[in-house]
Structure formats: structure tokens, C-alpha cells
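Each remark here refers to the structure printed beneath this line.
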Amino acid sequence: MTDPAPSAVRLEGPWTHRDVAANGARFHIAELGDGPLVMLVHGFPQFWWAWRHQLVALADAGFRAVAMDLRGVGGSDRTPRGYDPANLALDITGVIRSLGEPDAALVGHDLGGYLAWTAAAMRPKLVRRLAVVSMPHPRRWRSAMLRDRRQTAAASYIWGFQRPWIPERQLTTDDGALVARLIRDWSGPRLPDDEAVQTYQRAMCIPSTAHCSIEPYRWLVRSLARPDGIQFNRRMKRPVRVPTLHLHGSLDPVTRTRSAAGSGEYVEAPYRWRLFDGLGHFPHEEDPVGFSAELVNWLKDPEPDR
């Protein structure tokens, strides 16, 4: 399958773009640097470009930094099925294998963070370290969505995604105006510039992207009472056994701090919680220098403390 919109996705920079095959699909990646692999996984409503600042910072620090587009987003294949978290996590670990690496430090934001937690539990040998941004452990997320009224209200957009076709139209109407509103509403006082927001709008308007971006959230809600969802939740009891860094913005209006805090109970390894004061849902973009320094220092620490 050819890239549907290379100009909107393969943005220029010091990195290089290429496609890799994994888990029955083709995935677009941007990579920069040499050294131990750090795999960066974006969230909603973004694509690989969300990590542009960290690609440079990690490469400068001596790492091989790779930012991938999730299935159905950016320059990756838009398949008709395969948007449950177990399969999306296997996409990520499959890309790690396709890159010829024995393992990776896995960094995920938002949905990418949910999938990073999942990958670390499902394929522990492929995840050297885990860093999760703005997302609780899947079992904490499920509990908060079902039992915490404030978290349920904060994530109202997820409930809205359960309607057929309407959310897709809303995301692409007026050249993706809703994408711009979501990113600005979910950010702290350090708002992203207009050019950055427009980049995300253009990527969302690539045909089928809106639908594929919403499908994982449909699975998360619709599976809550289904056997496959209950089985997945049971699988996530398996503890994470690699050093874990958990990063969160104190002003995140989408994922409450209370929901994310406490995820360390699922980590049987050094676990570090870092709350960024005055930042919202996108700390890696709202304060790229501070965020990158925190990440690099932790990755270089040979014995991260609990």
C-alpha cells in the first residue's frame, strides 16, 4: 500500500523516514541516531511527529531514537481490523524485531502509553525499560473509567466515540478543526503554536485516519463487559518487571493525576513517578527541554531507584 499523503506525514528534519513490515502490516517510522534503541509511540490525536523534539534529544544523548506511526495513523497501513490493544502492542514489539534490535526502551504517550504498558506485560523480553506519559496502567484506567465519576467525565470524548460514523465526521470537518480544539483544550498554559496544530489537523484528514484513530477507543469501551475485554484485563495482572518511569502533567484535564498515580502497584521493578507542575496532557510538547532531560537522565541511570 502506498503512503496516502507523504507530504503531510513524512515531514522534513534531521531524521530519516522508512517503512518496516511487522505483524502483518507496514509501519512508517522516523529514526535518528545510533546506540541502544528507544521506541517512541504517539497517542491521540497525533502521529509520530509528536516526538520530534525527543528524536533529536535522544540521538544527541547517544541513543537510536525511532518514532513510529500506529496502525491506521500517519504513514502506516490502514487495515480493516486489528485495533484491539493486544494486537496494537504486538505491532510495536514487531517493529522492534523488524529493526533488528534485541529489545528497546519503550516510551508511550496517551494511547501509546496504554499500549506500552500492554507490550511490557505481553512481551517482557523485548522491553528493556518502560516510560509512560499521561496514561495509567490498563487496569487502573479501567477501574477509574468505571468507578470514578470525575475521570468518566474527563474522558467524555471516549464515550462520544462509541457512536457510528459521527465522530469521524466531527474530526475531519472544517479541515480538522476539532483536532485543534482538543489539543489546545488538553494542553496547559503553554499552548502549542498554530503551525504544530495545523500539522496534526492535516494528518487527521488523510482518508480513513479518523476512523482508524477511533477504533481502539471503541474496543476499550465495548469490550468492558465482553469476554475478550475481561480476558485482556486478566492478562494485564501480569506485573511489569522492567524499570518504569511514569510521567504526568499536573494540569492534565483528560487523565486525572489520581487515576494515573498508583500504577506502580503493577510494577515489580524500580518505579519512578514524576509529576510535571503546570503542564497538561502533552508534557513532551509543552516543555520539550524539561521532558527530554528527565527522560534522558533516567535512561542513562544504570540503577534507577524506586
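Each chain in the C-alpha cells gets a letter, A, B and so on, in the order shown; residues start at 1 in every chain, and ligands are counted from 1 in the order they appear.
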Within 12 Å of segment 268-274 of chain A using only C-alpha atoms, minus same-chain residues under 3 positions, as a VMD selection string: chain A and resid 120 to 121 128 to 134 136 237 to 250 257 260 to 265 277 279 283 290 to 291 294 to 295 298 to 299 301 to 306
Residues near Ala65 of chain A, cut-off 9 Å, only C-alpha atoms, skip fewer than 6 positions along chain, as a list in words: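 My reading of the contact set: Ala30, Glu31, Leu32, Gly33, Asp34, Gly35, Pro36, Leu37, Val38, Met39, Leu40, Gln54, Leu55, Val56, Ala57, Leu58 and Ala59 of chain A.
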May I have the selected residues written with N, CA, C and O atoms, as an mmCIF file, in the first residue's frame?
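So the final result, stored in selection_38.cif, reads:
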data_model
loop_
_atom_site.group_PDB
_atom_site.id
_atom_site.type_symbol
_atom_site.label_atom_id
_atom_site.label_comp_id
_atom_site.auth_asym_id
_atom_site.auth_seq_id
_atom_site.Cartn_x
_atom_site.Cartn_y
_atom_site.Cartn_z
ATOM 1 N N ALA A 30 10.160 7.187 11.771
ATOM 2 C CA ALA A 30 11.181 8.220 11.607
ATOM 3 C C ALA A 30 12.271 7.879 12.608
ATOM 4 O O ALA A 30 11.983 7.584 13.771
ATOM 5 N N GLU A 31 13.525 7.883 12.177
ATOM 6 C CA GLU A 31 14.601 7.477 13.081
ATOM 7 C C GLU A 31 15.788 8.414 12.988
ATOM 8 O O GLU A 31 16.048 9.046 11.954
ATOM 9 N N LEU A 32 16.530 8.471 14.097
ATOM 10 C CA LEU A 32 17.672 9.372 14.196
ATOM 11 C C LEU A 32 18.613 8.845 15.269
ATOM 12 O O LEU A 32 18.175 8.449 16.348
ATOM 13 N N GLY A 33 19.902 8.828 14.960
ATOM 14 C CA GLY A 33 20.903 8.482 15.957
ATOM 15 C C GLY A 33 21.315 7.023 15.931
ATOM 16 O O GLY A 33 20.713 6.178 15.265
ATOM 17 N N ASP A 34 22.360 6.733 16.685
ATOM 18 C CA ASP A 34 22.895 5.380 16.823
ATOM 19 C C ASP A 34 23.078 5.072 18.299
ATOM 20 O O ASP A 34 23.405 5.957 19.099
ATOM 21 N N GLY A 35 22.885 3.793 18.653
ATOM 22 C CA GLY A 35 23.030 3.374 20.036
ATOM 23 C C GLY A 35 21.883 2.482 20.439
ATOM 24 O O GLY A 35 21.169 1.939 19.580
ATOM 25 N N PRO A 36 21.666 2.309 21.741
ATOM 26 C CA PRO A 36 20.538 1.490 22.195
ATOM 27 C C PRO A 36 19.211 2.071 21.695
ATOM 28 O O PRO A 36 19.017 3.280 21.690
ATOM 29 N N LEU A 37 18.307 1.177 21.307
ATOM 30 C CA LEU A 37 17.040 1.618 20.709
ATOM 31 C C LEU A 37 16.078 2.183 21.748
ATOM 32 O O LEU A 37 15.851 1.584 22.799
ATOM 33 N N VAL A 38 15.520 3.354 21.432
ATOM 34 C CA VAL A 38 14.407 3.927 22.187
ATOM 35 C C VAL A 38 13.234 4.064 21.223
ATOM 36 O O VAL A 38 13.318 4.787 20.229
ATOM 37 N N MET A 39 12.153 3.339 21.483
ATOM 38 C CA MET A 39 10.972 3.352 20.623
ATOM 39 C C MET A 39 9.925 4.298 21.196
ATOM 40 O O MET A 39 9.506 4.162 22.351
ATOM 41 N N LEU A 40 9.486 5.253 20.387
ATOM 42 C CA LEU A 40 8.541 6.283 20.811
ATOM 43 C C LEU A 40 7.185 6.046 20.144
ATOM 44 O O LEU A 40 7.103 5.942 18.916
ATOM 45 N N GLN A 54 12.050 14.958 20.990
ATOM 46 C CA GLN A 54 12.748 13.874 21.680
ATOM 47 C C GLN A 54 13.642 13.073 20.724
ATOM 48 O O GLN A 54 14.662 12.541 21.161
ATOM 49 N N LEU A 55 13.272 12.987 19.447
ATOM 50 C CA LEU A 55 14.140 12.313 18.487
ATOM 51 C C LEU A 55 15.530 12.952 18.493
ATOM 52 O O LEU A 55 16.552 12.257 18.545
ATOM 53 N N VAL A 56 15.553 14.264 18.468
ATOM 54 C CA VAL A 56 16.831 14.985 18.444
ATOM 55 C C VAL A 56 17.562 14.842 19.780
ATOM 56 O O VAL A 56 18.759 14.545 19.827
ATOM 57 N N ALA A 57 16.831 15.034 20.877
ATOM 58 C CA ALA A 57 17.457 14.963 22.203
ATOM 59 C C ALA A 57 18.032 13.582 22.481
ATOM 60 O O ALA A 57 19.146 13.451 23.023
ATOM 61 N N LEU A 58 17.300 12.538 22.121
ATOM 62 C CA LEU A 58 17.766 11.181 22.362
ATOM 63 C C LEU A 58 18.973 10.834 21.487
ATOM 64 O O LEU A 58 19.928 10.201 21.953
ATOM 65 N N ALA A 59 18.913 11.250 20.220
ATOM 66 C CA ALA A 59 20.053 10.996 19.329
ATOM 67 C C ALA A 59 21.301 11.706 19.839
ATOM 68 O O ALA A 59 22.405 11.137 19.842
#
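Candidate residues A:Ser213, A:Gln201, A:Ser292, A:Gln162 were compared for distance to Arg181 of chain A, and the nearest is A:Gln201, using only C-alpha atoms.
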When you draw a straight line from atom CA of Ser187 of chain A to atom CA of Glu286 of chain A, how long is it in Å? 7.4 Å
Contacts of Glu215 of chain A within 10 Å, only C-alpha atoms, excl. fewer than 2 positions in-chain, as a list of chain:residue names: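 Once the adjacent positions are removed, what remains is A:Gly72, A:Pro80, A:Arg81, A:Gly82, A:Tyr83, A:Asp84, A:Phe161, A:Gln162, A:Ala210, A:His211, A:Cys212, A:Ser213, A:Tyr217, A:Arg218, A:Trp219, A:Leu220.
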Could the residues of segment 87-116 of chain A that have an atom at most 6 Å from segment 5-24 of chain A be listed as JSON lines, each with its closest atom pair and the distance in Å to one decimal, counting only C-alpha atoms and ordered by chain and ascending residue number?
{"residue": "A:Asp91", "atom": "CA", "partner": "A:Asn23", "partner_atom": "CA", "distance": 5.5}
{"residue": "A:Gly94", "atom": "CA", "partner": "A:Ala22", "partner_atom": "CA", "distance": 4.9}
{"residue": "A:Val95", "atom": "CA", "partner": "A:Ala22", "partner_atom": "CA", "distance": 5.5}
Write to file, as a JSON list (two decimals), in the first residue's frame, the residues of the selection just made, with N, CA, C and O atoms.
[["chain", "number", "residue", "atom", "x", "y", "z"],
["A", 91, "ASP", "N", 2.07, -4.98, 17.30],
["A", 91, "ASP", "CA", 2.62, -4.13, 16.23],
["A", 91, "ASP", "C", 3.92, -3.49, 16.69],
["A", 91, "ASP", "O", 4.93, -3.48, 15.98],
["A", 94, "GLY", "N", 6.64, -5.99, 17.24],
["A", 94, "GLY", "CA", 7.03, -6.48, 15.92],
["A", 94, "GLY", "C", 7.96, -5.52, 15.20],
["A", 94, "GLY", "O", 8.92, -5.94, 14.52],
["A", 95, "VAL", "N", 7.70, -4.21, 15.34],
["A", 95, "VAL", "CA", 8.59, -3.21, 14.74],
["A", 95, "VAL", "C", 9.97, -3.28, 15.40],
["A", 95, "VAL", "O", 11.00, -3.18, 14.72]]
Based on the backbone DSSP call, show me all residues of segment 23-144 of chain A assigned strand (DSSP E), as number ranges by chain. A: 25-32, 37-41, 64-68, 104-109, 127-133
Mind writing the picked residues with N, CA, C and O atoms as a short mmCIF file (atom, residue, chain, number, x, y, z; two decimals), in the first residue's frame?
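Here's the written file result05.cif:
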data_model
loop_
_atom_site.label_atom_id
_atom_site.label_comp_id
_atom_site.auth_asym_id
_atom_site.auth_seq_id
_atom_site.Cartn_x
_atom_site.Cartn_y
_atom_site.Cartn_z
N ALA A 25 1.42 -6.03 8.76
CA ALA A 25 1.14 -4.71 8.22
C ALA A 25 2.46 -3.95 7.99
O ALA A 25 3.53 -4.44 8.32
N ARG A 26 2.33 -2.77 7.39
CA ARG A 26 3.51 -1.93 7.11
C ARG A 26 3.40 -0.68 7.97
O ARG A 26 2.35 -0.05 8.06
N PHE A 27 4.53 -0.35 8.61
CA PHE A 27 4.54 0.78 9.54
C PHE A 27 5.58 1.81 9.14
O PHE A 27 6.71 1.47 8.78
N HIS A 28 5.17 3.06 9.20
CA HIS A 28 6.09 4.16 8.92
C HIS A 28 6.82 4.53 10.19
O HIS A 28 6.22 4.62 11.27
N ILE A 29 8.14 4.75 10.06
CA ILE A 29 8.94 5.20 11.20
C ILE A 29 9.81 6.38 10.78
O ILE A 29 10.15 6.55 9.61
N ALA A 30 10.16 7.19 11.77
CA ALA A 30 11.18 8.22 11.61
C ALA A 30 12.27 7.88 12.61
O ALA A 30 11.98 7.58 13.77
N GLU A 31 13.53 7.88 12.18
CA GLU A 31 14.60 7.48 13.08
C GLU A 31 15.79 8.41 12.99
O GLU A 31 16.05 9.05 11.95
N LEU A 32 16.53 8.47 14.10
CA LEU A 32 17.67 9.37 14.20
C LEU A 32 18.61 8.85 15.27
O LEU A 32 18.18 8.45 16.35
N LEU A 37 18.31 1.18 21.31
CA LEU A 37 17.04 1.62 20.71
C LEU A 37 16.08 2.18 21.75
O LEU A 37 15.85 1.58 22.80
N VAL A 38 15.52 3.35 21.43
CA VAL A 38 14.41 3.93 22.19
C VAL A 38 13.23 4.06 21.22
O VAL A 38 13.32 4.79 20.23
N MET A 39 12.15 3.34 21.48
CA MET A 39 10.97 3.35 20.62
C MET A 39 9.93 4.30 21.20
O MET A 39 9.51 4.16 22.35
N LEU A 40 9.49 5.25 20.39
CA LEU A 40 8.54 6.28 20.81
C LEU A 40 7.19 6.05 20.14
O LEU A 40 7.10 5.94 18.92
N VAL A 41 6.14 5.99 20.96
CA VAL A 41 4.80 5.68 20.44
C VAL A 41 3.82 6.79 20.82
O VAL A 41 3.64 7.10 21.99
N ARG A 64 19.59 5.37 19.65
CA ARG A 64 18.90 5.24 18.37
C ARG A 64 17.42 5.49 18.64
O ARG A 64 16.74 4.66 19.23
N ALA A 65 16.94 6.65 18.26
CA ALA A 65 15.56 7.05 18.54
C ALA A 65 14.68 6.75 17.34
O ALA A 65 15.00 7.17 16.22
N VAL A 66 13.60 6.05 17.56
CA VAL A 66 12.65 5.70 16.49
C VAL A 66 11.24 6.06 16.94
O VAL A 66 10.78 5.62 18.00
N ALA A 67 10.56 6.88 16.15
CA ALA A 67 9.15 7.21 16.40
C ALA A 67 8.31 6.54 15.32
O ALA A 67 8.55 6.75 14.13
N MET A 68 7.35 5.73 15.73
CA MET A 68 6.52 5.01 14.76
C MET A 68 5.11 5.58 14.71
O MET A 68 4.63 6.20 15.66
N ALA A 104 14.11 -2.82 23.37
CA ALA A 104 14.03 -1.36 23.28
C ALA A 104 13.59 -0.78 24.61
O ALA A 104 12.89 -1.44 25.39
N ALA A 105 13.98 0.45 24.85
CA ALA A 105 13.33 1.25 25.88
C ALA A 105 12.08 1.81 25.22
O ALA A 105 12.16 2.50 24.19
N LEU A 106 10.93 1.50 25.77
CA LEU A 106 9.66 1.83 25.14
C LEU A 106 9.03 3.04 25.83
O LEU A 106 8.85 3.03 27.05
N VAL A 107 8.74 4.07 25.04
CA VAL A 107 8.17 5.31 25.55
C VAL A 107 6.82 5.54 24.87
O VAL A 107 6.76 5.61 23.64
N GLY A 108 5.75 5.65 25.64
CA GLY A 108 4.43 5.83 25.04
C GLY A 108 3.64 6.92 25.71
O GLY A 108 3.68 7.07 26.94
N HIS A 109 2.90 7.68 24.90
CA HIS A 109 2.05 8.76 25.40
C HIS A 109 0.58 8.46 25.11
O HIS A 109 0.24 7.99 24.01
N VAL A 127 11.17 -5.52 25.91
CA VAL A 127 11.10 -4.18 26.51
C VAL A 127 12.16 -4.08 27.61
O VAL A 127 12.06 -4.73 28.65
N ARG A 128 13.18 -3.28 27.36
CA ARG A 128 14.30 -3.11 28.28
C ARG A 128 13.95 -2.18 29.44
O ARG A 128 14.29 -2.42 30.59
N ARG A 129 13.27 -1.10 29.10
CA ARG A 129 12.75 -0.14 30.06
C ARG A 129 11.43 0.39 29.53
O ARG A 129 11.17 0.32 28.33
N LEU A 130 10.64 0.96 30.45
CA LEU A 130 9.32 1.45 30.08
C LEU A 130 9.12 2.87 30.61
O LEU A 130 9.37 3.14 31.79
N ALA A 131 8.71 3.77 29.73
CA ALA A 131 8.36 5.13 30.15
C ALA A 131 6.96 5.43 29.61
O ALA A 131 6.71 5.31 28.41
N VAL A 132 6.06 5.81 30.51
CA VAL A 132 4.66 6.04 30.13
C VAL A 132 4.29 7.48 30.48
O VAL A 132 4.60 7.97 31.57
N VAL A 133 3.62 8.15 29.53
CA VAL A 133 3.27 9.56 29.68
C VAL A 133 1.74 9.71 29.62
O VAL A 133 1.11 9.26 28.67
#
Near Val254 of chain A, counting only C-alpha atoms, which residues have an atom at most 9 Å away, once you skip same-chain residues fewer than 4 positions from it, shown as a PyMOL selection string? chain A and resi 134+151+153-156+186+280-281
With C-alpha atoms kept, could you save the residues just selected as a PDB file, in the first residue's frame?
ATOM      1  CA  SER A 134      -0.260  10.725  30.619  1.00  0.00           C
ATOM      2  CA  GLN A 151     -12.493  10.521  35.389  1.00  0.00           C
ATOM      3  CA  ALA A 153     -16.497  12.980  32.849  1.00  0.00           C
ATOM      4  CA  ALA A 154     -12.921  13.988  31.939  1.00  0.00           C
ATOM      5  CA  ALA A 155     -12.822  11.251  29.305  1.00  0.00           C
ATOM      6  CA  SER A 156     -16.245  12.075  27.876  1.00  0.00           C
ATOM      7  CA  TRP A 186      -5.967  19.398  26.741  1.00  0.00           C
ATOM      8  CA  GLY A 280      -1.218  19.426  30.691  1.00  0.00           C
ATOM      9  CA  HIS A 281      -1.768  16.282  28.651  1.00  0.00           C
TER      10      HIS A 281
END
Given only C-alpha atoms as the counted atoms, nearest of A:Thr93, A:Thr79, A:Asn297, A:Ser98 to Met122 of chain A: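 Nearest candidate to Met122 of chain A out of A:Thr93, A:Thr79, A:Asn297, A:Ser98: A:Thr93.
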Just how far from atom CA of Trp141 of chain A is atom CA of Arg97 of chain A, in Å to one decimal? 28.3 Å
For Gln231 of chain A, which residue out of A:Ala86, A:Leu275, A:Ala177, A:Val267 is the nearest one, using only C-alpha atoms? A:Ala86
Excluding Asn233 of chain A and its own-chain neighbours fewer than 2 positions away, which residues fall within 12 Å of it when counting only C-alpha atoms? Please give them as a list in words.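 So the residues in contact are Pro85, Ala86, Thr118, Ala121, His137, Pro138, Arg139, Arg140, Trp141, Arg142, Ser143, Leu220, Ser223, Leu224, Ala225, Arg226, Pro227, Asp228, Gly229, Ile230, Gln231, Arg235, Met236, Lys237 and Arg238 of chain A.
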Test item: residues at most 12 Å from Thr173 of chain A, only C-alpha atoms, excluding those fewer than 3 positions along its chain, as a PyMOL selection string: chain A and resi 166-170+176-180+201-202+204-205+210
